[in-house]
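The file target-v5.cif contains mmCIF, C-alpha atoms (C1' of nucleotides):
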```cif
data_protein
loop_
_atom_site.label_atom_id
_atom_site.label_comp_id
_atom_site.auth_asym_id
_atom_site.auth_seq_id
_atom_site.Cartn_x
_atom_site.Cartn_y
_atom_site.Cartn_z
CA MET A 540 70.74 130.53 138.88
CA ASP A 541 67.40 130.89 140.56
CA ARG A 542 66.86 127.83 142.68
CA PHE A 543 68.41 126.45 145.81
CA VAL A 544 70.36 123.37 144.86
CA SER A 545 72.80 120.97 146.52
CA THR A 546 73.84 120.53 150.13
CA PHE A 547 76.54 122.20 152.22
CA THR A 548 77.61 121.72 155.79
CA ASN A 549 79.00 124.68 157.71
CA LYS A 550 80.19 125.20 161.22
CA ILE A 551 78.64 127.27 163.98
CA ASP A 552 81.22 129.43 165.69
CA ALA A 553 81.50 130.42 169.33
CA LYS A 554 79.08 133.28 168.84
CA GLY A 555 76.43 131.09 167.31
CA ARG A 556 77.00 132.34 163.80
CA VAL A 557 77.00 130.17 160.72
CA SER A 558 77.74 131.09 157.12
CA VAL A 559 74.94 130.73 154.60
CA PRO A 560 76.48 129.04 151.54
CA ALA A 561 77.52 131.63 149.00
CA THR A 562 75.45 130.07 146.25
CA PHE A 563 72.35 130.29 148.42
CA ARG A 564 73.08 133.92 149.14
CA ALA A 565 73.27 134.53 145.44
CA VAL A 566 69.83 133.00 144.98
CA LEU A 567 68.47 135.05 147.86
CA ALA A 568 69.90 138.19 146.40
CA ARG A 569 68.08 137.52 143.16
CA ASP A 570 64.96 136.49 145.01
CA GLY A 571 64.99 139.80 146.75
CA TYR A 572 65.13 139.81 150.50
CA GLU A 573 65.04 143.02 152.38
CA GLY A 574 66.16 142.79 155.92
CA GLY A 575 66.55 139.06 156.19
CA ILE A 576 65.44 135.57 155.35
CA TYR A 577 62.28 133.86 156.54
CA CYS A 578 62.82 130.84 158.71
CA TYR A 579 60.49 128.50 160.58
CA PRO A 580 60.34 124.92 161.85
CA SER A 581 59.73 122.41 159.10
CA VAL A 582 56.46 120.56 159.22
CA GLY A 583 56.92 116.88 159.80
CA ALA A 584 60.69 116.94 160.05
CA PRO A 585 63.31 118.00 162.60
CA ALA A 586 64.62 120.75 160.39
CA LEU A 587 64.16 124.40 159.52
CA ASP A 588 62.69 125.83 156.37
CA ALA A 589 64.08 129.06 155.04
CA GLY A 590 63.85 131.26 152.01
CA GLY A 591 63.44 134.76 150.70
CA GLU A 592 60.62 136.84 149.39
CA ARG A 593 59.31 134.12 147.13
CA LEU A 594 58.80 131.81 150.07
CA ALA A 595 56.81 134.46 151.88
CA GLN A 596 54.64 134.86 148.83
CA THR A 597 54.03 131.15 148.75
CA ILE A 598 52.67 131.38 152.26
CA ASP A 599 50.52 134.30 151.25
CA GLY A 600 49.24 132.22 148.39
CA LEU A 601 48.04 129.50 150.71
CA LEU A 602 46.11 132.04 152.71
CA GLY A 603 44.72 133.73 149.67
CA ASP A 604 42.26 130.95 149.07
CA LEU A 605 40.49 131.61 152.32
CA PRO A 606 38.06 134.50 152.79
CA ASP A 607 39.28 137.56 154.62
CA TYR A 608 38.26 137.82 158.23
CA SER A 609 37.38 134.17 158.49
CA VAL A 610 38.27 132.16 161.51
CA GLU A 611 39.91 129.60 159.33
CA ARG A 612 42.15 132.18 157.83
CA ASP A 613 43.21 133.53 161.17
CA GLU A 614 43.97 130.08 162.43
CA LEU A 615 45.99 129.19 159.43
CA SER A 616 47.77 132.51 159.57
CA VAL A 617 48.85 131.81 163.09
CA ALA A 618 49.99 128.37 162.15
CA LEU A 619 51.94 129.54 159.16
CA TYR A 620 53.27 132.89 160.30
CA GLY A 621 53.37 132.32 164.01
CA ASP A 622 56.60 130.42 164.05
CA VAL A 623 58.35 132.45 161.42
CA GLN A 624 61.51 134.27 162.37
CA VAL A 625 63.29 136.81 160.26
CA LEU A 626 67.02 136.19 160.32
CA ASN A 627 69.44 138.92 159.40
CA ILE A 628 72.42 138.14 157.25
CA ASP A 629 75.49 140.05 158.32
CA GLN A 630 78.12 141.46 156.05
CA ASP A 631 80.05 138.23 155.95
CA GLY A 632 76.99 136.25 154.95
CA ARG A 633 76.31 134.74 158.35
CA ILE A 634 73.14 134.23 160.36
CA VAL A 635 72.45 133.46 164.00
CA LEU A 636 69.93 130.72 164.71
CA PRO A 637 67.76 131.46 167.76
CA GLN A 638 67.66 128.90 170.49
CA SER A 639 64.10 127.82 169.79
CA LEU A 640 64.85 127.02 166.19
CA ARG A 641 68.03 125.18 167.04
CA GLU A 642 66.16 123.03 169.47
CA HIS A 643 63.54 122.04 166.98
CA ALA A 644 66.20 120.81 164.60
CA GLY A 645 68.57 119.47 167.22
CA ILE A 646 71.31 121.63 165.79
CA ASP A 647 74.45 121.94 167.84
CA THR A 648 77.82 122.57 166.22
CA HIS A 649 77.20 122.13 162.51
CA VAL A 650 74.42 122.94 160.09
CA THR A 651 73.66 121.19 156.82
CA PHE A 652 72.03 123.46 154.26
CA VAL A 653 69.88 121.58 151.78
CA GLY A 654 68.57 123.19 148.63
CA LEU A 655 64.98 122.27 147.74
CA GLY A 656 64.45 124.44 144.72
CA GLN A 657 62.36 127.34 145.87
CA LYS A 658 63.44 127.14 149.50
CA PHE A 659 66.14 125.50 151.55
CA GLN A 660 66.33 123.60 154.79
CA MET A 661 68.77 123.50 157.67
CA TRP A 662 69.50 120.22 159.40
CA GLU A 663 71.67 118.71 162.03
CA PRO A 664 74.12 116.83 159.75
CA ARG A 665 73.56 113.35 161.13
CA ARG A 666 69.83 113.54 161.13
CA PHE A 667 69.96 114.75 157.61
CA GLU A 668 71.94 111.75 156.44
CA ASP A 669 69.28 109.46 157.84
CA PHE A 670 66.55 111.46 156.26
CA ARG A 671 68.32 111.57 152.94
CA ALA A 672 68.68 107.82 152.85
CA ARG A 673 64.97 107.45 153.37
CA ALA A 674 64.12 110.14 150.87
CA ARG A 675 66.14 108.36 148.23
CA HIS A 676 64.18 105.22 148.68
CA LYS A 677 60.94 107.04 148.32
CA ALA A 678 62.19 108.84 145.28
CA ASP A 679 63.06 105.54 143.70
CA ASP A 680 59.51 104.39 144.23
CA HIS A 681 58.24 107.60 142.81
CA ARG A 682 60.36 107.15 139.76
CA LYS A 683 59.01 103.69 139.20
CA LEU A 684 55.54 105.10 139.16
CA PHE A 685 56.47 107.37 136.33
CA GLY A 686 57.94 104.36 134.72
CA ALA A 687 59.14 103.90 131.20
CA GLY A 688 57.55 106.13 128.67
CA SER A 689 54.69 107.38 130.77
CA ARG A 690 55.18 110.99 129.94
CA HIS A 691 53.60 113.28 132.42
CA ARG A 692 52.41 116.64 131.33
CA SER A 693 54.07 119.56 132.88
CA GLY A 694 52.98 123.12 132.93
CA GLY A 695 55.92 124.47 131.03
CA ASP A 696 57.31 123.73 127.64
CA GLN A 697 60.29 121.40 127.82
CA GLY A 698 59.07 119.60 124.81
CA GLY A 699 59.47 115.90 125.12
CA THR A 700 61.95 115.51 127.88
CA GLU A 701 61.73 112.14 129.36
CA GLY A 702 59.94 111.67 132.61
CA ALA A 703 62.64 111.13 135.16
CA ARG A 704 66.27 110.79 135.66
CA GLU A 705 67.53 107.47 134.62
CA MET B 628 73.84 119.21 117.16
CA ASP B 629 71.65 119.10 120.19
CA ARG B 630 72.23 115.84 121.93
CA PHE B 631 75.06 114.18 123.75
CA VAL B 632 76.53 111.27 121.81
CA SER B 633 79.64 109.11 121.81
CA THR B 634 82.09 108.48 124.61
CA PHE B 635 85.34 110.13 125.59
CA THR B 636 87.85 109.46 128.32
CA ASN B 637 89.75 112.35 129.84
CA LYS B 638 92.24 112.69 132.62
CA ILE B 639 91.88 114.33 136.01
CA ASP B 640 94.81 116.61 136.75
CA ALA B 641 96.54 117.32 140.01
CA LYS B 642 93.97 119.93 140.93
CA GLY B 643 91.08 117.60 140.36
CA ARG B 644 90.05 119.19 137.10
CA VAL B 645 88.88 117.31 134.05
CA SER B 646 88.00 118.62 130.61
CA VAL B 647 84.43 118.21 129.45
CA PRO B 648 84.61 116.96 125.85
CA ALA B 649 84.35 119.86 123.45
CA THR B 650 81.37 118.38 121.66
CA PHE B 651 79.50 118.10 124.95
CA ARG B 652 80.30 121.69 125.74
CA ALA B 653 78.81 122.70 122.44
CA VAL B 654 75.59 120.90 123.31
CA LEU B 655 75.54 122.51 126.74
CA ALA B 656 76.04 125.92 125.25
CA ARG B 657 72.98 125.41 123.12
CA ASP B 658 71.04 123.94 126.00
CA GLY B 659 71.76 127.01 128.01
CA TYR B 660 73.47 126.67 131.33
CA GLU B 661 73.92 129.69 133.46
CA GLY B 662 76.37 129.18 136.20
CA GLY B 663 77.14 125.57 135.57
CA ILE B 664 75.97 122.09 134.77
CA TYR B 665 73.74 120.00 137.00
CA CYS B 666 75.26 116.78 138.24
CA TYR B 667 74.03 114.08 140.60
CA PRO B 668 74.62 110.41 141.38
CA SER B 669 73.01 108.11 138.86
CA VAL B 670 70.27 105.93 140.23
CA GLY B 671 71.13 102.27 140.11
CA ALA B 672 74.57 102.68 138.62
CA PRO B 673 78.00 103.75 139.88
CA ALA B 674 78.03 106.79 137.67
CA LEU B 675 77.09 110.45 137.57
CA ASP B 676 74.34 112.05 135.53
CA ALA B 677 74.86 115.53 134.20
CA GLY B 678 73.19 118.02 131.94
CA GLY B 679 72.23 121.64 131.46
CA GLU B 680 69.17 123.73 132.02
CA ARG B 681 66.89 121.28 130.33
CA LEU B 682 67.76 118.64 132.87
CA ALA B 683 66.98 121.00 135.70
CA GLN B 684 63.59 121.76 134.23
CA THR B 685 62.88 118.08 134.06
CA ILE B 686 63.36 117.90 137.80
CA ASP B 687 61.13 120.91 138.30
CA GLY B 688 58.49 119.13 136.29
CA LEU B 689 58.54 116.16 138.62
CA LEU B 690 57.99 118.36 141.62
CA GLY B 691 55.43 120.58 140.01
CA ASP B 692 52.64 118.09 140.50
CA LEU B 693 53.02 117.93 144.25
CA PRO B 694 51.31 120.47 146.48
CA ASP B 695 53.32 123.11 148.29
CA TYR B 696 53.91 122.40 151.90
CA SER B 697 53.48 118.68 151.72
CA VAL B 698 55.89 116.42 153.53
CA GLU B 699 55.97 114.29 150.45
CA ARG B 700 57.16 117.16 148.37
CA ASP B 701 59.92 117.97 150.80
CA GLU B 702 61.15 114.42 150.77
CA LEU B 703 61.19 114.21 147.04
CA SER B 704 62.87 117.58 146.83
CA VAL B 705 65.67 116.37 149.05
CA ALA B 706 66.23 113.35 146.87
CA LEU B 707 66.10 115.32 143.66
CA TYR B 708 67.71 118.65 144.53
CA GLY B 709 69.64 117.66 147.60
CA ASP B 710 71.97 115.39 145.70
CA VAL B 711 72.49 117.77 142.86
CA GLN B 712 75.70 119.70 142.55
CA VAL B 713 76.17 122.64 140.26
CA LEU B 714 79.53 122.34 138.59
CA ASN B 715 81.14 125.38 137.08
CA ILE B 716 82.88 125.08 133.78
CA ASP B 717 85.99 127.20 133.64
CA GLN B 718 87.23 129.04 130.63
CA ASP B 719 89.14 126.04 129.42
CA GLY B 720 86.08 123.83 129.59
CA ARG B 721 87.02 121.98 132.74
CA ILE B 722 85.04 120.98 135.81
CA VAL B 723 85.99 119.82 139.28
CA LEU B 724 84.20 116.77 140.63
CA PRO B 725 83.55 117.03 144.37
CA GLN B 726 84.68 114.24 146.60
CA SER B 727 81.20 112.91 147.28
CA LEU B 728 80.43 112.49 143.61
CA ARG B 729 83.75 110.88 142.84
CA GLU B 730 83.14 108.37 145.55
CA HIS B 731 79.78 107.39 144.24
CA ALA B 732 81.25 106.63 140.84
CA GLY B 733 84.57 105.29 142.08
CA ILE B 734 86.34 107.84 139.93
CA ASP B 735 90.02 108.30 140.56
CA THR B 736 92.34 109.40 137.78
CA HIS B 737 90.25 109.22 134.62
CA VAL B 738 86.67 109.95 133.66
CA THR B 739 84.69 108.43 130.81
CA PHE B 740 82.03 110.75 129.43
CA VAL B 741 79.10 108.90 127.91
CA GLY B 742 76.53 110.69 125.81
CA LEU B 743 72.93 109.63 126.43
CA GLY B 744 71.10 112.07 124.24
CA GLN B 745 69.39 114.42 126.66
CA LYS B 746 72.07 114.09 129.28
CA PHE B 747 75.43 112.46 129.71
CA GLN B 748 77.09 110.28 132.30
CA MET B 749 80.51 110.17 133.86
CA TRP B 750 82.07 106.82 134.70
CA GLU B 751 85.23 105.34 136.03
CA PRO B 752 86.63 103.96 132.73
CA ARG B 753 86.93 100.33 133.81
CA ARG B 754 83.54 100.13 135.34
CA PHE B 755 82.10 101.58 132.21
CA GLU B 756 83.79 98.95 130.06
CA ASP B 757 82.23 96.23 132.16
CA PHE B 758 78.90 97.92 131.99
CA ARG B 759 79.14 98.33 128.26
CA ALA B 760 80.11 94.71 127.74
CA ARG B 761 77.09 93.59 129.68
CA ALA B 762 74.85 96.00 127.88
CA ARG B 763 75.97 94.56 124.58
CA HIS B 764 75.13 91.08 125.71
CA LYS B 765 71.68 92.15 126.62
CA ALA B 766 71.31 93.93 123.34
CA ASP B 767 72.35 90.78 121.52
CA ASP B 768 69.79 88.76 123.40
CA HIS B 769 67.16 91.24 122.44
CA ARG B 770 68.16 90.99 118.86
CA LYS B 771 67.91 87.24 118.91
CA LEU B 772 64.42 87.47 120.25
CA PHE B 773 63.43 89.62 117.36
CA GLY B 774 64.61 86.83 115.22
CA ALA B 775 66.33 86.37 111.94
CA GLY B 776 66.39 88.76 109.09
CA SER B 777 65.79 92.09 110.70
CA ARG B 778 69.41 93.05 110.81
CA HIS B 779 69.59 96.75 110.73
CA ARG B 780 73.12 97.36 111.65
CA SER B 781 76.44 95.66 112.13
CA GLY B 782 76.60 94.31 115.58
CA GLY B 783 79.76 96.17 116.25
CA ASP B 784 80.58 99.16 118.23
CA GLN B 785 78.26 101.90 117.18
CA GLY B 786 81.04 104.17 116.14
CA GLY B 787 81.96 105.78 119.37
CA THR B 788 85.38 107.12 119.84
CA GLU B 789 86.52 104.84 122.52
CA GLY B 790 89.19 105.73 124.91
CA ALA B 791 89.89 108.94 123.14
CA ARG B 792 93.41 110.05 123.70
CA GLU B 793 94.83 108.22 126.57
"C1'" DT C 596 77.37 146.55 184.09
"C1'" DC C 597 76.48 142.52 181.56
"C1'" DT C 598 74.85 140.39 177.49
"C1'" DC C 599 73.96 140.05 172.91
"C1'" DA C 600 74.08 141.64 168.17
"C1'" DT C 601 76.59 143.88 164.63
"C1'" DC C 602 80.68 145.57 162.42
"C1'" DC C 603 85.36 145.13 161.02
"C1'" DC C 604 89.68 142.81 160.17
"C1'" DA C 605 92.88 138.71 159.59
"C1'" DT C 606 93.86 134.03 158.14
"C1'" DT C 607 93.68 130.09 155.31
"C1'" DG C 608 92.47 127.15 151.89
"C1'" DA C 609 89.86 126.22 147.78
"C1'" DC C 610 88.77 127.63 143.41
"C1'" DA C 611 88.68 130.58 139.04
"C1'" DC C 612 91.26 132.98 135.80
"C1'" DC C 613 95.21 133.29 132.87
"C1'" DC C 614 98.93 131.60 130.12
"C1'" DA C 615 101.84 127.92 128.10
"C1'" DT C 616 102.66 123.46 125.76
"C1'" DG C 617 102.07 119.59 122.91
"C1'" DA C 618 99.32 116.66 120.15
"C1'" DA C 619 95.70 115.82 117.02
"C1'" DA C 620 92.51 117.24 113.56
"C1'" DT C 621 91.49 120.33 109.88
"C1'" DC C 622 92.40 123.41 106.23
"C1'" DC C 623 94.68 124.96 102.19
"C1'" DC C 624 97.36 125.21 98.29
"C1'" DA C 625 100.62 123.67 95.06
"C1'" DT D 1302 96.46 114.29 96.51
"C1'" DG D 1303 100.22 115.02 99.64
"C1'" DG D 1304 102.34 117.73 102.95
"C1'" DG D 1305 102.93 121.90 105.41
"C1'" DA D 1306 100.40 125.47 108.06
"C1'" DT D 1307 96.77 126.60 111.12
"C1'" DT D 1308 93.31 125.74 114.44
"C1'" DT D 1309 91.25 123.16 118.05
"C1'" DC D 1310 91.58 120.69 122.12
"C1'" DA D 1311 93.32 118.37 126.29
"C1'" DT D 1312 96.48 119.17 129.89
"C1'" DG D 1313 99.86 121.40 133.29
"C1'" DG D 1314 100.92 125.02 136.31
"C1'" DG D 1315 101.21 130.01 138.51
"C1'" DT D 1316 98.61 133.36 140.81
"C1'" DG D 1317 94.99 136.25 142.40
"C1'" DT D 1318 90.36 136.25 144.40
"C1'" DC D 1319 86.70 134.84 147.23
"C1'" DA D 1320 84.36 132.06 150.74
"C1'" DA D 1321 84.41 130.12 155.36
"C1'" DT D 1322 85.98 130.84 159.82
"C1'" DG D 1323 87.94 133.01 164.05
"C1'" DG D 1324 88.36 136.84 166.96
"C1'" DG D 1325 88.52 141.78 168.56
"C1'" DA D 1326 85.94 146.15 168.98
"C1'" DT D 1327 81.78 148.81 169.27
"C1'" DG D 1328 77.00 149.90 170.31
"C1'" DA D 1329 72.25 148.98 172.11
"C1'" DG D 1330 69.17 147.16 175.34
"C1'" DA D 1331 68.13 144.80 179.71
#
```

Could you show the structure in this file as structure tokens?
Amino acid sequence: MDRFVSTFTNKIDAKGRVSVPATFRAVLARDGYEGGIYCYPSVGAPALDAGGERLAQTIDGLLGDLPDYSVERDELSVALYGDVQVLNIDQDGRIVLPQSLREHAGIDTHVTFVGLGQKFQMWEPRRFEDFRARARHKADDHRKLFGAGSRHRSGGDQGGTEGARE
Amino acid sequence: MDRFVSTFTNKIDAKGRVSVPATFRAVLARDGYEGGIYCYPSVGAPALDAGGERLAQTIDGLLGDLPDYSVERDELSVALYGDVQVLNIDQDGRIVLPQSLREHAGIDTHVTFVGLGQKFQMWEPRRFEDFRARARHKADDHRKLFGAGSRHRSGGDQGGTEGARE
DNA sequence: TCTCATCCCATTGACACCCATGAAATCCCA
DNA sequence: TGGGATTTCATGGGTGTCAATGGGATGAGA
């Protein structure tokens, strides 16, 4: 398995530790993460984005389009890297969320881990339920756009799979 | 054989396990599924969609068109990946349906597996019977619209093994 | 010295593996 | 072609392992 999938809710203990779901750890292990996972406030949502080496490379990729030593690049670098924290995973697979990150997401006693394919998010469980409900609606709309039969090309092979679920 | 066809009804045991029909397992084996099958609530029906690696790639294809780091992408990712569960198949070909998925489909003691070609669905047997009855009505209406003469098959049951071993 | 982070160990509950059983389908041979 | 033998499959249950969680002990830095 090589993508983050599904959602899990775990508890924060008295020391502020919370277990990263085992399946996510497995993905991270494959992804390759030395020292810890990358974590930063999500853009446009009260949540935290996190991932391994591949996520860091995605960020690098965004910067790669801009010329070295340009003001734009520096600004974007600050915006993208400035809020990033590296979180260590202890031997039992747990991390500690710094205060600043917890505040941004409104996380208190429980954390909902949400797999998004190449990265995952951490949410306060209730807020996530609200967000999920809204996301489903939008996804339904999206699906209607694809509609019946309108096959959309995709980079890979997957010869002739139908457009969407359902 | 490379698509899911026919329907089977199997029982959930005391531990919450249910056998995936052997023919479906054969299709999955060909499809390639490392670690498990992908399963999520069906859209617009009280059922569960499931499939192997090919299904997962279909989801990837939907997301591939959206830019990294867009809020839109995150939302769609939540709807597509966030609801997905990866179900392991044990050595005897059985899976365990998590509570959340069983609720969505109203599944209690028995599961009806319905082949849909690329993927398959899991239903609570009664609900599926209702659904099937209605689907037949609609199919009949369609046939009437096409008019007389073009009768290409007996209007019967399309040879599925219904209610296999009860 | 106090606080915080890390390490280590214990508990518990869920799940995966293993084996057994019975029924149905298939094979095989007279 | 019929009937016994064999295989496949769905199902039940025991047991060991692993993940999530709680808490004590140790070490580093303020």

Exercise for the section: Compile the contact shell of DG1305 (chain D) as a PyMOL selection string: residues with an atom at most 12 Å away, counting only C-alpha atoms (C1' of nucleotides), same-chain residues fewer than 5 positions apart removed. Expected result: chain C and resi 622-625

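On all C-alpha atoms, the superposed RMSD for chain A relative to chain B stands at 7.0 Å.
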
Practice task
Select all residues from chain A having any atom no more than 10 Å from an atom of chain C (counting all atoms listed in the file, ignoring ligands), output as a ChimeraX atom specification.
Solution key: /A:554,629-631,635

Compile a residue-level contact table for chain D against chain B at a cut-off of 9 Å, reporting for every qualifying residue the shortest atom pair and its distance in Å to one decimal, with all atoms listed in the file counted, rows ordered by chain and ascending number, as a Markdown table.
```
| residue | atom | partner | partner_atom | distance |
| --- | --- | --- | --- | --- |
| D:DC1310 | C1' | B:Ala649 | CA | 7.4 |
| D:DA1311 | C1' | B:Ser646 | CA | 6.9 |
| D:DT1312 | C1' | B:Asp640 | CA | 7.5 |
| D:DG1313 | C1' | B:Asp640 | CA | 7.8 |
```

Problem - Minimum-distance residue to chain A, chosen among B:Leu743, B:Leu703, B:Ala766, B:Val738 (using all atoms listed in the file) - result: B:Leu703

Exercise for the section: Given the file shown, enumerate the residues that the PyMOL selection byres ((chain B and resi 695-701) around 9) captures and present them as a PyMOL selection string. Expected result: (chain A and resi 582-584+597+601+655+674) or (chain B and resi 690-691+693-694+702-706)

For those residues, write C-alpha atoms to a file as a compact mmCIF listing (two decimals), in the coordinates of the input.
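part.txt, freshly written:
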```txt
# COMPACT_ATOMS: atom_id res chain seq x y z
CA VAL A 582 56.46 120.56 159.22
CA GLY A 583 56.92 116.88 159.80
CA ALA A 584 60.69 116.94 160.05
CA THR A 597 54.03 131.15 148.75
CA LEU A 601 48.04 129.50 150.71
CA LEU A 655 64.98 122.27 147.74
CA ALA A 674 64.12 110.14 150.87
CA LEU B 690 57.99 118.36 141.62
CA GLY B 691 55.43 120.58 140.01
CA LEU B 693 53.02 117.93 144.25
CA PRO B 694 51.31 120.47 146.48
CA GLU B 702 61.15 114.42 150.77
CA LEU B 703 61.19 114.21 147.04
CA SER B 704 62.87 117.58 146.83
CA VAL B 705 65.67 116.37 149.05
CA ALA B 706 66.23 113.35 146.87
```

Compute the set of chain A residues within 6 Å of chain B, using all atoms listed in the file, and express it as a CSV table (one decimal) with C-alpha atoms, in the coordinates of the input.
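iface13.csv, freshly written:
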```
chain,number,residue,atom,x,y,z
A,544,VAL,CA,70.4,123.4,144.9
A,545,SER,CA,72.8,121.0,146.5
A,546,THR,CA,73.8,120.5,150.1
A,653,VAL,CA,69.9,121.6,151.8
A,654,GLY,CA,68.6,123.2,148.6
A,655,LEU,CA,65.0,122.3,147.7
A,674,ALA,CA,64.1,110.1,150.9
A,675,ARG,CA,66.1,108.4,148.2
A,678,ALA,CA,62.2,108.8,145.3
A,693,SER,CA,54.1,119.6,132.9
```

Problem - Picked residues, the PyMOL selection byres ((chain A and resi 566) around 7), expected as a PyMOL selection string - result: chain A and resi 540-543+562-565+567-570

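Once the PyMOL selection byres ((chain A and resi 641) around 12) is applied to this file, the selection holds Ile551, Gly555, Arg556, Cys578, Tyr579, Pro580, Ser581, Pro585, Ala586, Leu587, Asp588, Val635, Leu636, Pro637, Gln638, Ser639, Leu640, Glu642, His643, Ala644, Gly645, Ile646, Asp647, Thr648, His649, Val650, Met661, Trp662 and Glu663 of chain A.
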
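With CA of Ile576 (chain A) on one side and CA of Ile634 (chain A) on the other, the separation reads 9.3 Å.
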
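Note that the spacing between CA of Gly659 (chain B) and CA of Phe740 (chain B) amounts to 19.3 Å.
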